[in-house]
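Shown below: my_file02.pdb, with PDB, C-alpha atoms.
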```pdb
MODEL        1
ATOM      1  CA  MET K 257       0.000   0.000   0.000  1.00  0.00           C
ATOM      2  CA  ASP K 258       1.038   3.583  -0.665  1.00  0.00           C
ATOM      3  CA  ILE K 259       1.238   6.274   2.012  1.00  0.00           C
ATOM      4  CA  THR K 260       1.854   9.990   1.515  1.00  0.00           C
ATOM      5  CA  VAL K 261       4.203  11.421   4.151  1.00  0.00           C
ATOM      6  CA  ARG K 262       4.573  15.135   4.884  1.00  0.00           C
ATOM      7  CA  TYR K 263       7.059  17.004   7.079  1.00  0.00           C
ATOM      8  CA  PHE K 264       6.784  20.524   8.453  1.00  0.00           C
ATOM      9  CA  ALA K 265       8.958  23.227  10.018  1.00  0.00           C
ATOM     10  CA  SER K 266      12.233  22.119  11.667  1.00  0.00           C
ATOM     11  CA  LEU K 267      11.510  18.467  10.857  1.00  0.00           C
ATOM     12  CA  ARG K 268      11.204  19.305   7.139  1.00  0.00           C
ATOM     13  CA  ASP K 269      14.616  20.993   7.349  1.00  0.00           C
ATOM     14  CA  ARG K 270      16.105  17.995   9.147  1.00  0.00           C
ATOM     15  CA  MET K 271      14.621  15.472   6.681  1.00  0.00           C
ATOM     16  CA  GLY K 272      15.633  17.619   3.704  1.00  0.00           C
ATOM     17  CA  ARG K 273      12.243  17.134   2.015  1.00  0.00           C
ATOM     18  CA  SER K 274       8.647  18.228   2.525  1.00  0.00           C
ATOM     19  CA  GLU K 275       6.793  15.244   1.125  1.00  0.00           C
ATOM     20  CA  GLU K 276       7.325  11.696  -0.151  1.00  0.00           C
ATOM     21  CA  GLN K 277       5.456   8.529  -1.079  1.00  0.00           C
ATOM     22  CA  VAL K 278       6.259   5.360   0.856  1.00  0.00           C
ATOM     23  CA  SER K 279       5.130   1.897  -0.313  1.00  0.00           C
ATOM     24  CA  PHE K 280       4.686  -1.222   1.805  1.00  0.00           C
ATOM     25  CA  ASP K 281       4.190  -4.817   0.635  1.00  0.00           C
ATOM     26  CA  LYS K 282       2.354  -5.821   3.811  1.00  0.00           C
ATOM     27  CA  ASP K 283      -1.157  -4.777   4.880  1.00  0.00           C
ATOM     28  CA  LYS K 284      -0.575  -4.170   8.588  1.00  0.00           C
ATOM     29  CA  VAL K 285       1.524  -1.023   8.970  1.00  0.00           C
ATOM     30  CA  THR K 286       1.564   1.390  11.904  1.00  0.00           C
ATOM     31  CA  VAL K 287       2.858   4.968  12.154  1.00  0.00           C
ATOM     32  CA  ALA K 288       5.867   3.548  14.054  1.00  0.00           C
ATOM     33  CA  ASP K 289       6.593   1.142  11.148  1.00  0.00           C
ATOM     34  CA  LEU K 290       6.397   4.073   8.739  1.00  0.00           C
ATOM     35  CA  TRP K 291       8.849   6.110  10.839  1.00  0.00           C
ATOM     36  CA  GLY K 292      11.226   3.122  10.831  1.00  0.00           C
ATOM     37  CA  GLN K 293      11.083   3.167   7.022  1.00  0.00           C
ATOM     38  CA  ILE K 294      11.819   6.889   6.610  1.00  0.00           C
ATOM     39  CA  SER K 295      14.452   7.419   9.319  1.00  0.00           C
ATOM     40  CA  LYS K 296      17.294   5.547  10.970  1.00  0.00           C
ATOM     41  CA  GLU K 297      16.860   7.683  14.099  1.00  0.00           C
ATOM     42  CA  PRO K 298      14.230   6.821  16.707  1.00  0.00           C
ATOM     43  CA  MET K 299      11.119   9.013  16.475  1.00  0.00           C
ATOM     44  CA  PRO K 300      11.846  12.063  18.685  1.00  0.00           C
ATOM     45  CA  GLU K 301       9.631  12.226  21.791  1.00  0.00           C
ATOM     46  CA  SER K 302       8.389  15.731  20.963  1.00  0.00           C
ATOM     47  CA  ILE K 303       7.373  15.014  17.361  1.00  0.00           C
ATOM     48  CA  LEU K 304       3.617  15.076  16.742  1.00  0.00           C
ATOM     49  CA  VAL K 305       1.856  12.911  14.198  1.00  0.00           C
ATOM     50  CA  ALA K 306      -1.373  13.411  12.264  1.00  0.00           C
ATOM     51  CA  VAL K 307      -3.093  10.899   9.996  1.00  0.00           C
ATOM     52  CA  ASN K 308      -5.481  12.464   7.497  1.00  0.00           C
ATOM     53  CA  MET K 309      -5.159  15.727   9.451  1.00  0.00           C
ATOM     54  CA  GLU K 310      -6.171  14.282  12.841  1.00  0.00           C
ATOM     55  CA  TYR K 311      -3.692  13.960  15.720  1.00  0.00           C
ATOM     56  CA  THR K 312      -2.849  10.381  16.579  1.00  0.00           C
ATOM     57  CA  ASP K 313      -0.160   8.105  18.036  1.00  0.00           C
ATOM     58  CA  ALA K 314       2.686   5.942  16.806  1.00  0.00           C
ATOM     59  CA  GLY K 315       0.530   2.815  17.253  1.00  0.00           C
ATOM     60  CA  HIS K 316      -2.099   4.032  14.745  1.00  0.00           C
ATOM     61  CA  GLU K 317      -2.677   1.454  11.991  1.00  0.00           C
ATOM     62  CA  LEU K 318      -2.514   2.924   8.490  1.00  0.00           C
ATOM     63  CA  LYS K 319      -4.706   2.351   5.434  1.00  0.00           C
ATOM     64  CA  ALA K 320      -3.739   2.637   1.762  1.00  0.00           C
ATOM     65  CA  GLY K 321      -3.859   6.249   0.622  1.00  0.00           C
ATOM     66  CA  ASP K 322      -3.484   7.758   4.112  1.00  0.00           C
ATOM     67  CA  GLU K 323      -1.682  11.076   4.460  1.00  0.00           C
ATOM     68  CA  VAL K 324       0.659  11.029   7.453  1.00  0.00           C
ATOM     69  CA  ALA K 325       2.250  14.242   8.728  1.00  0.00           C
ATOM     70  CA  PHE K 326       5.140  14.519  11.197  1.00  0.00           C
ATOM     71  CA  PHE K 327       5.899  17.868  12.806  1.00  0.00           C
ATOM     72  CA  PRO K 328       7.311  19.583  15.914  1.00  0.00           C
ATOM     73  CA  PRO K 329       5.132  21.195  18.626  1.00  0.00           C
ATOM     74  CA  VAL K 330       2.907  23.924  17.172  1.00  0.00           C
ATOM     75  CA  THR K 331       3.691  27.613  17.796  1.00  0.00           C
ATOM     76  CA  GLY K 332       0.849  29.646  16.285  1.00  0.00           C
ATOM     77  CA  GLY K 333      -1.192  32.510  17.667  1.00  0.00           C
TER      78      GLY K 333
ATOM     79  CA  MET C 227     -18.497  31.123  11.987  1.00  0.00           C
ATOM     80  CA  LYS C 228     -15.663  32.121   9.700  1.00  0.00           C
ATOM     81  CA  VAL C 229     -12.051  30.904   9.771  1.00  0.00           C
ATOM     82  CA  PHE C 230      -9.384  31.743   7.262  1.00  0.00           C
ATOM     83  CA  VAL C 231      -5.625  31.904   6.784  1.00  0.00           C
ATOM     84  CA  THR C 232      -4.126  34.772   4.811  1.00  0.00           C
ATOM     85  CA  LYS C 233      -0.685  35.357   3.286  1.00  0.00           C
ATOM     86  CA  GLY C 234      -1.164  39.099   2.902  1.00  0.00           C
ATOM     87  CA  ALA C 235      -1.262  41.913   5.451  1.00  0.00           C
ATOM     88  CA  LEU C 236      -3.951  41.551   8.103  1.00  0.00           C
ATOM     89  CA  ASP C 237      -6.020  44.540   9.257  1.00  0.00           C
ATOM     90  CA  PRO C 238      -7.887  42.978  12.190  1.00  0.00           C
ATOM     91  CA  TYR C 239     -10.088  45.976  12.986  1.00  0.00           C
ATOM     92  CA  LYS C 240     -11.300  46.234   9.380  1.00  0.00           C
ATOM     93  CA  GLU C 241     -12.058  42.492   9.441  1.00  0.00           C
ATOM     94  CA  ILE C 242     -14.162  42.907  12.605  1.00  0.00           C
ATOM     95  CA  ILE C 243     -16.170  45.808  11.157  1.00  0.00           C
ATOM     96  CA  GLU C 244     -16.732  44.111   7.797  1.00  0.00           C
ATOM     97  CA  TYR C 245     -17.761  40.801   9.330  1.00  0.00           C
ATOM     98  CA  GLU C 246     -20.096  42.483  11.812  1.00  0.00           C
ATOM     99  CA  ARG C 247     -21.779  44.440   9.008  1.00  0.00           C
ATOM    100  CA  THR C 248     -22.205  41.502   6.666  1.00  0.00           C
ATOM    101  CA  ALA C 249     -22.711  38.430   8.878  1.00  0.00           C
ATOM    102  CA  LEU C 250     -24.318  39.595  12.126  1.00  0.00           C
ATOM    103  CA  PRO C 251     -28.018  40.540  12.361  1.00  0.00           C
ATOM    104  CA  ALA C 252     -28.203  44.206  13.353  1.00  0.00           C
ATOM    105  CA  GLY C 253     -29.179  45.008  16.922  1.00  0.00           C
ATOM    106  CA  LYS C 254     -28.993  41.446  18.303  1.00  0.00           C
ATOM    107  CA  HIS C 255     -25.504  41.292  19.806  1.00  0.00           C
ATOM    108  CA  GLY C 256     -24.502  43.168  22.940  1.00  0.00           C
ATOM    109  CA  GLY C 257     -20.823  43.365  22.085  1.00  0.00           C
ATOM    110  CA  VAL C 258     -17.755  41.881  20.464  1.00  0.00           C
ATOM    111  CA  VAL C 259     -14.647  40.718  22.333  1.00  0.00           C
ATOM    112  CA  SER C 260     -11.473  40.469  20.279  1.00  0.00           C
ATOM    113  CA  PHE C 261      -7.929  39.247  20.747  1.00  0.00           C
ATOM    114  CA  VAL C 262      -5.331  40.558  18.311  1.00  0.00           C
ATOM    115  CA  GLY C 263      -1.931  38.883  18.490  1.00  0.00           C
ATOM    116  CA  THR C 264       0.954  40.966  17.137  1.00  0.00           C
ATOM    117  CA  MET C 265       4.560  40.175  16.401  1.00  0.00           C
ATOM    118  CA  ARG C 266       7.104  41.140  19.071  1.00  0.00           C
ATOM    119  CA  ASP C 267      10.633  42.368  18.320  1.00  0.00           C
ATOM    120  CA  PHE C 268      12.074  40.058  20.997  1.00  0.00           C
ATOM    121  CA  ASN C 269      11.804  36.436  22.088  1.00  0.00           C
ATOM    122  CA  ASP C 270      13.785  34.555  24.751  1.00  0.00           C
ATOM    123  CA  GLY C 271      16.126  37.535  25.189  1.00  0.00           C
ATOM    124  CA  GLU C 272      17.026  37.846  21.498  1.00  0.00           C
ATOM    125  CA  ASP C 273      16.132  40.680  19.136  1.00  0.00           C
ATOM    126  CA  VAL C 274      13.890  39.472  16.323  1.00  0.00           C
ATOM    127  CA  THR C 275      13.718  41.380  13.036  1.00  0.00           C
ATOM    128  CA  ALA C 276      11.428  39.164  10.923  1.00  0.00           C
ATOM    129  CA  MET C 277       9.427  35.985  11.069  1.00  0.00           C
ATOM    130  CA  ASN C 278       8.074  33.367   8.700  1.00  0.00           C
ATOM    131  CA  LEU C 279       4.963  31.489   9.741  1.00  0.00           C
ATOM    132  CA  ASP C 280       4.387  28.044   8.245  1.00  0.00           C
ATOM    133  CA  TYR C 281       1.145  26.031   8.433  1.00  0.00           C
ATOM    134  CA  TYR C 282      -0.539  22.832   7.259  1.00  0.00           C
ATOM    135  CA  PRO C 283      -3.248  23.883   4.764  1.00  0.00           C
ATOM    136  CA  GLY C 284      -6.481  22.060   5.517  1.00  0.00           C
ATOM    137  CA  MET C 285      -5.505  20.696   8.917  1.00  0.00           C
ATOM    138  CA  THR C 286      -4.948  24.165  10.342  1.00  0.00           C
ATOM    139  CA  GLU C 287      -8.375  25.474   9.331  1.00  0.00           C
ATOM    140  CA  ARG C 288     -10.080  22.244  10.453  1.00  0.00           C
ATOM    141  CA  HIS C 289      -8.637  22.471  13.957  1.00  0.00           C
ATOM    142  CA  ILE C 290      -9.426  26.175  14.374  1.00  0.00           C
ATOM    143  CA  GLU C 291     -13.012  25.517  13.233  1.00  0.00           C
ATOM    144  CA  ARG C 292     -13.281  22.722  15.786  1.00  0.00           C
ATOM    145  CA  VAL C 293     -12.102  24.997  18.609  1.00  0.00           C
ATOM    146  CA  CYS C 294     -14.620  27.683  17.531  1.00  0.00           C
ATOM    147  CA  GLN C 295     -17.411  25.096  17.444  1.00  0.00           C
ATOM    148  CA  GLU C 296     -16.480  23.907  20.947  1.00  0.00           C
ATOM    149  CA  ALA C 297     -16.670  27.511  22.185  1.00  0.00           C
ATOM    150  CA  MET C 298     -20.069  27.990  20.527  1.00  0.00           C
ATOM    151  CA  ASP C 299     -21.323  24.768  22.165  1.00  0.00           C
ATOM    152  CA  GLU C 300     -20.022  25.831  25.590  1.00  0.00           C
ATOM    153  CA  TRP C 301     -21.079  29.486  25.712  1.00  0.00           C
ATOM    154  CA  ASP C 302     -24.018  31.515  24.426  1.00  0.00           C
ATOM    155  CA  VAL C 303     -22.134  32.953  21.477  1.00  0.00           C
ATOM    156  CA  MET C 304     -23.722  34.380  18.308  1.00  0.00           C
ATOM    157  CA  ASP C 305     -20.764  34.194  15.955  1.00  0.00           C
ATOM    158  CA  THR C 306     -16.972  33.884  15.759  1.00  0.00           C
ATOM    159  CA  LEU C 307     -14.329  35.142  13.328  1.00  0.00           C
ATOM    160  CA  VAL C 308     -10.728  33.899  13.286  1.00  0.00           C
ATOM    161  CA  VAL C 309      -8.098  35.134  10.826  1.00  0.00           C
ATOM    162  CA  HIS C 310      -4.484  33.938  11.040  1.00  0.00           C
ATOM    163  CA  ARG C 311      -1.639  35.303   8.975  1.00  0.00           C
ATOM    164  CA  VAL C 312       1.109  33.105   7.487  1.00  0.00           C
ATOM    165  CA  GLY C 313       4.284  33.794   5.495  1.00  0.00           C
ATOM    166  CA  GLU C 314       6.717  36.666   6.013  1.00  0.00           C
ATOM    167  CA  MET C 315       6.064  39.343   8.627  1.00  0.00           C
ATOM    168  CA  VAL C 316       7.880  41.956  10.710  1.00  0.00           C
ATOM    169  CA  PRO C 317       7.510  43.228  14.307  1.00  0.00           C
ATOM    170  CA  THR C 318       4.238  45.083  15.056  1.00  0.00           C
ATOM    171  CA  ASP C 319       2.382  43.165  12.295  1.00  0.00           C
ATOM    172  CA  PRO C 320      -0.876  41.583  13.477  1.00  0.00           C
ATOM    173  CA  ILE C 321      -0.585  37.777  13.366  1.00  0.00           C
ATOM    174  CA  VAL C 322      -3.969  36.580  14.552  1.00  0.00           C
ATOM    175  CA  LEU C 323      -7.476  37.884  15.165  1.00  0.00           C
ATOM    176  CA  VAL C 324     -10.096  36.140  17.284  1.00  0.00           C
ATOM    177  CA  ALA C 325     -13.445  37.982  17.507  1.00  0.00           C
ATOM    178  CA  VAL C 326     -16.523  36.715  19.342  1.00  0.00           C
ATOM    179  CA  TRP C 327     -19.999  38.243  19.333  1.00  0.00           C
ATOM    180  CA  SER C 328     -22.601  37.531  22.010  1.00  0.00           C
ATOM    181  CA  ALA C 329     -25.675  39.074  23.592  1.00  0.00           C
ATOM    182  CA  HIS C 330     -23.931  39.330  26.984  1.00  0.00           C
ATOM    183  CA  ARG C 331     -20.266  40.066  27.641  1.00  0.00           C
ATOM    184  CA  LYS C 332     -19.337  37.102  29.846  1.00  0.00           C
ATOM    185  CA  ASP C 333     -19.942  34.603  27.055  1.00  0.00           C
ATOM    186  CA  SER C 334     -17.786  36.443  24.520  1.00  0.00           C
ATOM    187  CA  PHE C 335     -14.936  37.052  27.012  1.00  0.00           C
ATOM    188  CA  ASP C 336     -14.850  33.371  28.014  1.00  0.00           C
ATOM    189  CA  ALA C 337     -15.215  32.072  24.459  1.00  0.00           C
ATOM    190  CA  CYS C 338     -12.524  34.402  23.074  1.00  0.00           C
ATOM    191  CA  ARG C 339     -10.017  33.254  25.701  1.00  0.00           C
ATOM    192  CA  TYR C 340     -10.872  29.620  25.018  1.00  0.00           C
ATOM    193  CA  ILE C 341     -10.438  29.999  21.246  1.00  0.00           C
ATOM    194  CA  ILE C 342      -7.041  31.736  21.339  1.00  0.00           C
ATOM    195  CA  ASN C 343      -5.717  29.329  23.984  1.00  0.00           C
ATOM    196  CA  TYR C 344      -6.756  26.180  22.127  1.00  0.00           C
ATOM    197  CA  LEU C 345      -5.794  27.604  18.732  1.00  0.00           C
ATOM    198  CA  LYS C 346      -2.273  28.015  20.133  1.00  0.00           C
ATOM    199  CA  GLU C 347      -2.396  24.503  21.592  1.00  0.00           C
ATOM    200  CA  SER C 348      -3.738  22.572  18.608  1.00  0.00           C
ATOM    201  CA  ALA C 349      -3.659  24.460  15.286  1.00  0.00           C
ATOM    202  CA  PRO C 350      -0.591  23.500  13.223  1.00  0.00           C
ATOM    203  CA  PHE C 351       1.404  26.709  12.774  1.00  0.00           C
ATOM    204  CA  TRP C 352       5.159  27.073  13.193  1.00  0.00           C
ATOM    205  CA  LYS C 353       7.128  30.294  13.719  1.00  0.00           C
ATOM    206  CA  CYS C 354      10.594  30.687  12.226  1.00  0.00           C
ATOM    207  CA  GLU C 355      12.315  33.803  13.586  1.00  0.00           C
ATOM    208  CA  VAL C 356      15.130  35.838  12.054  1.00  0.00           C
ATOM    209  CA  THR C 357      17.392  37.580  14.603  1.00  0.00           C
ATOM    210  CA  THR C 358      19.375  40.824  14.168  1.00  0.00           C
ATOM    211  CA  GLU C 359      22.451  38.720  13.334  1.00  0.00           C
ATOM    212  CA  GLY C 360      20.490  37.210  10.439  1.00  0.00           C
ATOM    213  CA  LYS C 361      20.187  33.807  12.102  1.00  0.00           C
ATOM    214  CA  LYS C 362      17.020  31.807  11.442  1.00  0.00           C
ATOM    215  CA  HIS C 363      15.597  29.516  14.054  1.00  0.00           C
ATOM    216  CA  TRP C 364      12.323  27.673  14.593  1.00  0.00           C
ATOM    217  CA  VAL C 365      10.482  28.602  17.774  1.00  0.00           C
ATOM    218  CA  GLU C 366      10.352  25.379  19.777  1.00  0.00           C
ATOM    219  CA  LYS C 367       7.307  26.092  21.898  1.00  0.00           C
ATOM    220  CA  ASN C 368       4.807  28.782  22.811  1.00  0.00           C
ATOM    221  CA  SER C 369       4.578  30.272  26.282  1.00  0.00           C
ATOM    222  CA  GLU C 370       1.977  28.332  28.241  1.00  0.00           C
ATOM    223  CA  ASP C 371      -1.208  29.550  29.874  1.00  0.00           C
ATOM    224  CA  PRO C 372      -1.476  27.520  33.096  1.00  0.00           C
ATOM    225  CA  GLY C 373      -5.252  27.287  32.609  1.00  0.00           C
ATOM    226  CA  VAL C 374      -4.953  25.335  29.362  1.00  0.00           C
ATOM    227  CA  ALA C 375      -5.117  21.556  29.612  1.00  0.00           C
ATOM    228  CA  LYS C 376      -2.756  19.763  27.239  1.00  0.00           C
ATOM    229  CA  ARG C 377      -4.695  17.823  24.643  1.00  0.00           C
ATOM    230  CA  VAL C 378      -2.220  17.561  21.790  1.00  0.00           C
ATOM    231  CA  THR C 379       0.308  14.983  22.912  1.00  0.00           C
ATOM    232  CA  ARG C 380       1.822  11.819  21.514  1.00  0.00           C
ATOM    233  CA  LYS C 381       1.975   8.440  23.165  1.00  0.00           C
ATOM    234  CA  SER C 382       4.668   5.975  22.121  1.00  0.00           C
ATOM    235  CA  ALA C 383       3.701   2.843  20.202  1.00  0.00           C
TER     236      ALA C 383
ENDMDL
END
```
What's the structure tokens form of this structure?
Amino acid sequence: MDITVRYFASLRDRMGRSEEQVSFDKDKVTVADLWGQISKEPMPESILVAVNMEYTDAGHELKAGDEVAFFPPVTGG
Amino acid sequence: MKVFVTKGALDPYKEIIEYERTALPAGKHGGVVSFVGTMRDFNDGEDVTAMNLDYYPGMTERHIERVCQEAMDEWDVMDTLVVHRVGEMVPTDPIVLVAVWSAHRKDSFDACRYIINYLKESAPFWKCEVTTEGKKHWVEKNSEDPGVAKRVTRKSA
């Protein structure tokens, strides 16, 4: 299955890209599995994750076509 | 309820007047409470000369709308307007407007505080500051209001 991954702010700078497509052969894939695919580093404690624009956790199970975003704590307002 | 993000200059007081004239029924509200956030020329002891605000189109608006809806469910509020600026800006520029109309003042004061606090907590925006030395750095976290319960957190797998 194919997943769209997006990065924002300091994490985008660190990853050196803003977006990418990641494909998996298996059906059962979590956010943590996805992070393991895109980075050799462990997922930083402060990094937030959203699937299809809703906040969620590393244990969230993904579906084909999901958009997953990783970003640092928000600083708006 | 209206929520939008704008890349251009933001004139919050013009937005309030225009929205009140076009969206609010005349004579029904007893007042409007507004919060206007502006850019400072300092942060954490450093002089700041410019800032770039990044956001997540779609998710940002969705989460601000949710916070406004929660405020409208909690208090007797007639209408809300939130405008947030993104992109390049300089000190003194308005960054955000929250305006709340109600028949009685307590509801709009409480709802306005709730909206700005939870916008800052949950809406995906990120500030990148430029200091007088020309250094760019991402702001790591906002100052916290002790009355705001954390709801955006991440649990490990």
Next on the checklist: Could you list, as an NGL selection string, every residue within 7 Å of region 294-302 of chain K, counting all atoms listed in the file and ignoring same-chain residues fewer than 4 positions away?
Outcome noted: :K and (290 or 328-329)
Enumerate as a compact mmCIF listing (two decimals) with C-alpha atoms, in the frame of the given file the residues belonging to chain C that approach chain K to within 8 Å, with all atoms listed in the file taken into account.
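Final file, part-v8.txt:
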```txt
# COMPACT_ATOMS: atom_id res chain seq x y z
CA GLY C 263 -1.93 38.88 18.49
CA LEU C 279 4.96 31.49 9.74
CA ASP C 280 4.39 28.04 8.24
CA TYR C 281 1.14 26.03 8.43
CA TYR C 282 -0.54 22.83 7.26
CA GLY C 284 -6.48 22.06 5.52
CA MET C 285 -5.50 20.70 8.92
CA HIS C 310 -4.48 33.94 11.04
CA ILE C 321 -0.58 37.78 13.37
CA VAL C 322 -3.97 36.58 14.55
CA ILE C 342 -7.04 31.74 21.34
CA LEU C 345 -5.79 27.60 18.73
CA LYS C 346 -2.27 28.02 20.13
CA GLU C 347 -2.40 24.50 21.59
CA SER C 348 -3.74 22.57 18.61
CA ALA C 349 -3.66 24.46 15.29
CA PRO C 350 -0.59 23.50 13.22
CA PHE C 351 1.40 26.71 12.77
CA TRP C 352 5.16 27.07 13.19
CA LYS C 353 7.13 30.29 13.72
CA CYS C 354 10.59 30.69 12.23
CA TRP C 364 12.32 27.67 14.59
CA VAL C 365 10.48 28.60 17.77
CA GLU C 366 10.35 25.38 19.78
CA LYS C 367 7.31 26.09 21.90
CA ASN C 368 4.81 28.78 22.81
CA VAL C 378 -2.22 17.56 21.79
CA THR C 379 0.31 14.98 22.91
CA ARG C 380 1.82 11.82 21.51
CA LYS C 381 1.98 8.44 23.16
CA SER C 382 4.67 5.98 22.12
CA ALA C 383 3.70 2.84 20.20
```
Checklist entry - Just how far from CA of Ser369 (chain C) is CA of Asp273 (chain C), in Å to one decimal? => result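 The value is 17.1 Å.
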Item to check | region 228-231 of chain C surroundings by all atoms listed in the file, 8 Å radius, close-in-sequence under 3 positions cut, as a PyMOL selection string | outcome: chain C and resi 287+290-291+306-312
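Computed from the coordinates, the CA of Ala329 (chain C) to CA of Asp237 (chain C) distance equals 24.9 Å.
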Item to check | One-decimal distance in Å that lies between CA of Lys233 (chain C) and CA of Arg266 (chain C) | outcome: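 A separation of 18.5 Å between them.
Residues matched by the PyMOL selection byres ((chain K and resi 319) around 10) in this file are Met257, Asp258, Ile259, Asp283, Lys284, Val285, Thr286, Val307, His316, Glu317, Leu318, Ala320, Gly321, Asp322 and Glu323 of chain K.
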Next on the checklist: I'd like the neighbourhood of Glu241 (chain C) as a PyMOL selection string, where a residue qualifies if any of its atoms comes within 10 Å (using only C-alpha atoms), though same-chain residues fewer than 2 positions away should be ignored.
Outcome noted: chain C and resi 236-239+243-247+307-309+323+325
Item to check | Counting all atoms listed in the file, the residue of C:Asp299, C:Glu272, C:Met304, C:Thr286 that sits nearest Lys254 (chain C) | outcome: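 Distance minimum relative to Lys254 (chain C) lands on C:Met304.
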Excluding Ala297 (chain C) and its own-chain neighbours fewer than 5 positions away, which residues fall within 12 Å of it when counting all atoms listed in the file? Please give them as a PDB file with C-alpha atoms, in the coordinates of the input.
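Listed below is the output, out_38.pdb:
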```
ATOM      1  CA  MET C 227     -18.497  31.123  11.987  1.00  0.00           C
ATOM      2  CA  ILE C 290      -9.426  26.175  14.374  1.00  0.00           C
ATOM      3  CA  GLU C 291     -13.012  25.517  13.233  1.00  0.00           C
ATOM      4  CA  ARG C 292     -13.281  22.722  15.786  1.00  0.00           C
ATOM      5  CA  ASP C 302     -24.018  31.515  24.426  1.00  0.00           C
ATOM      6  CA  VAL C 303     -22.134  32.953  21.477  1.00  0.00           C
ATOM      7  CA  MET C 304     -23.722  34.380  18.308  1.00  0.00           C
ATOM      8  CA  ASP C 305     -20.764  34.194  15.955  1.00  0.00           C
ATOM      9  CA  THR C 306     -16.972  33.884  15.759  1.00  0.00           C
ATOM     10  CA  LEU C 307     -14.329  35.142  13.328  1.00  0.00           C
ATOM     11  CA  VAL C 324     -10.096  36.140  17.284  1.00  0.00           C
ATOM     12  CA  ALA C 325     -13.445  37.982  17.507  1.00  0.00           C
ATOM     13  CA  VAL C 326     -16.523  36.715  19.342  1.00  0.00           C
ATOM     14  CA  TRP C 327     -19.999  38.243  19.333  1.00  0.00           C
ATOM     15  CA  SER C 328     -22.601  37.531  22.010  1.00  0.00           C
ATOM     16  CA  ASP C 333     -19.942  34.603  27.055  1.00  0.00           C
ATOM     17  CA  SER C 334     -17.786  36.443  24.520  1.00  0.00           C
ATOM     18  CA  PHE C 335     -14.936  37.052  27.012  1.00  0.00           C
ATOM     19  CA  ASP C 336     -14.850  33.371  28.014  1.00  0.00           C
ATOM     20  CA  ALA C 337     -15.215  32.072  24.459  1.00  0.00           C
ATOM     21  CA  CYS C 338     -12.524  34.402  23.074  1.00  0.00           C
ATOM     22  CA  ARG C 339     -10.017  33.254  25.701  1.00  0.00           C
ATOM     23  CA  TYR C 340     -10.872  29.620  25.018  1.00  0.00           C
ATOM     24  CA  ILE C 341     -10.438  29.999  21.246  1.00  0.00           C
ATOM     25  CA  ILE C 342      -7.041  31.736  21.339  1.00  0.00           C
ATOM     26  CA  ASN C 343      -5.717  29.329  23.984  1.00  0.00           C
ATOM     27  CA  TYR C 344      -6.756  26.180  22.127  1.00  0.00           C
ATOM     28  CA  LEU C 345      -5.794  27.604  18.732  1.00  0.00           C
TER      29      LEU C 345
END
```
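For the file at hand, the PyMOL selection byres ((chain C and resi 317) around 9) resolves to Thr264, Met265, Arg266, Asp267, Phe268, Val274, Thr275, Ala276, Met277, Met315, Val316, Thr318, Asp319 and Pro320 of chain C.
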Filtering to C-alpha atoms, could region 272-307 of chain K of the supplied structure be written out as an mmCIF file, in the first residue's frame?
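The result, written out as result_16.cif:
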```cif
data_model
loop_
_atom_site.group_PDB
_atom_site.id
_atom_site.type_symbol
_atom_site.label_atom_id
_atom_site.label_comp_id
_atom_site.auth_asym_id
_atom_site.auth_seq_id
_atom_site.Cartn_x
_atom_site.Cartn_y
_atom_site.Cartn_z
ATOM 1 C CA GLY K 272 15.633 17.619 3.704
ATOM 2 C CA ARG K 273 12.243 17.134 2.015
ATOM 3 C CA SER K 274 8.647 18.228 2.525
ATOM 4 C CA GLU K 275 6.793 15.244 1.125
ATOM 5 C CA GLU K 276 7.325 11.696 -0.151
ATOM 6 C CA GLN K 277 5.456 8.529 -1.079
ATOM 7 C CA VAL K 278 6.259 5.360 0.856
ATOM 8 C CA SER K 279 5.130 1.897 -0.313
ATOM 9 C CA PHE K 280 4.686 -1.222 1.805
ATOM 10 C CA ASP K 281 4.190 -4.817 0.635
ATOM 11 C CA LYS K 282 2.354 -5.821 3.811
ATOM 12 C CA ASP K 283 -1.157 -4.777 4.880
ATOM 13 C CA LYS K 284 -0.575 -4.170 8.588
ATOM 14 C CA VAL K 285 1.524 -1.023 8.970
ATOM 15 C CA THR K 286 1.564 1.390 11.904
ATOM 16 C CA VAL K 287 2.858 4.968 12.154
ATOM 17 C CA ALA K 288 5.867 3.548 14.054
ATOM 18 C CA ASP K 289 6.593 1.142 11.148
ATOM 19 C CA LEU K 290 6.397 4.073 8.739
ATOM 20 C CA TRP K 291 8.849 6.110 10.839
ATOM 21 C CA GLY K 292 11.226 3.122 10.831
ATOM 22 C CA GLN K 293 11.083 3.167 7.022
ATOM 23 C CA ILE K 294 11.819 6.889 6.610
ATOM 24 C CA SER K 295 14.452 7.419 9.319
ATOM 25 C CA LYS K 296 17.294 5.547 10.970
ATOM 26 C CA GLU K 297 16.860 7.683 14.099
ATOM 27 C CA PRO K 298 14.230 6.821 16.707
ATOM 28 C CA MET K 299 11.119 9.013 16.475
ATOM 29 C CA PRO K 300 11.846 12.063 18.685
ATOM 30 C CA GLU K 301 9.631 12.226 21.791
ATOM 31 C CA SER K 302 8.389 15.731 20.963
ATOM 32 C CA ILE K 303 7.373 15.014 17.361
ATOM 33 C CA LEU K 304 3.617 15.076 16.742
ATOM 34 C CA VAL K 305 1.856 12.911 14.198
ATOM 35 C CA ALA K 306 -1.373 13.411 12.264
ATOM 36 C CA VAL K 307 -3.093 10.899 9.996
#
```
